[in-house]
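Below you'll find the structure, written out as structure tokens, and then a few comments.
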Amino acid sequence: MRLIPLAVLGLSLAGCTQMAATMSRPEAPKATAAQTAAATAVTRAPSPRPAARATPAQLDTTTPEQRVAAAQAPATAETRLGTTVGSLGNPSEGGFWMKTPLVDAPVQGRIVNPATGKSAQVELRPLSGSGSQVSLPALQLLGVPLTDLPTLEVYRS
């Protein structure tokens with residue numbers, strides 16, 4: 001009789017669980033090209049210039065207009081993807097974004113801080129592992145201290 005190593009069995013079962021979770025996601029409504037272009041204009045910003053001892057204000061390269069637009073309520077129907085624990089991502093990457101395991105390709109979305117009710121339109125980017133990384137401007141828009149690890153609700157536009 002041949003025995004299967006426990007580690008191999010565990011990995012194969014983990015893959016089944018991941019596949020089942022992926023297959024059960026609801027189909028998101030498709031955005032038009034104009035809606036995608038408008039959302040991208042809100043969430044993109046140039047990377048800040050490298051500087052030693054830069055302050056959060058110096059690292060935030062988004063414009064006041066982008067911050068106002070990112071705080072707006074969504075214009076299209078959304079699909080709730082779930083909740084995740086967010087931490088500050090790379091502050092030298094400009095714009096409004098969240099890297100999260102809840103998506104497998106870049107899409108437009110929105111994140112909500114249930115503690116304050118504040119939300120931010122962001123580009124959702126795939127990330128392997130657990131937990132999520134959030135851009136500096138998005139955390140500031142949500143009213144989250146940069147050292148906190150908030151639980152955030154994630155929606156796909």
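Note on naming: chains are A, B, ... as they come in the structure tokens, residues start from 1 per chain, ligands start from 1 in the order shown.
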Need the shell around A:Arg80: protein/DNA/RNA residues with any atom at most 8 Å away, counting only C-alpha atoms. Skip same-chain ones fewer than 6 positions apart. Format as a short mmCIF file (atom, residue, chain, number, x, y, z; two decimals) with N, CA, C and O atoms, in the first residue's frame?
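The resulting file, out.cif, is shown below:
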```cif
data_model
loop_
_atom_site.label_atom_id
_atom_site.label_comp_id
_atom_site.auth_asym_id
_atom_site.auth_seq_id
_atom_site.Cartn_x
_atom_site.Cartn_y
_atom_site.Cartn_z
N GLU A 153 -14.34 47.06 3.62
CA GLU A 153 -15.26 46.39 2.69
C GLU A 153 -14.80 46.72 1.28
O GLU A 153 -14.44 47.86 0.99
N VAL A 154 -14.83 45.73 0.39
CA VAL A 154 -14.34 45.89 -0.97
C VAL A 154 -15.46 45.63 -1.96
O VAL A 154 -16.17 44.61 -1.86
N TYR A 155 -15.64 46.55 -2.92
CA TYR A 155 -16.66 46.45 -3.95
C TYR A 155 -16.02 46.57 -5.32
O TYR A 155 -15.09 47.36 -5.50
N ARG A 156 -16.54 45.83 -6.28
CA ARG A 156 -16.09 45.93 -7.67
C ARG A 156 -17.12 46.75 -8.43
O ARG A 156 -18.31 46.51 -8.33
#
```
Name all residues at most 12 Å from A:Thr147 (count only C-alpha atoms; drop same-chain ones fewer than 6 positions away) and give them as a PyMOL selection string.
chain A and resi 86-89+134+136+139-140
Give me the residues within 12 Å of A:Val144 as a PyMOL selection string, counting only C-alpha atoms and dropping any in the same chain fewer than 4 places off.
chain A and resi 86-88+112-120+134-140+148-152
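Taking atom CA of A:Ser132 as the reference point, atom CA of A:Met98 is found at 6.8 Å.
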Atomic distance atom CA of A:Phe96 - atom CA of A:Leu81, expressed in Å with one decimal:
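Value for the atom CA of A:Phe96-atom CA of A:Leu81 distance: 17.9 Å.
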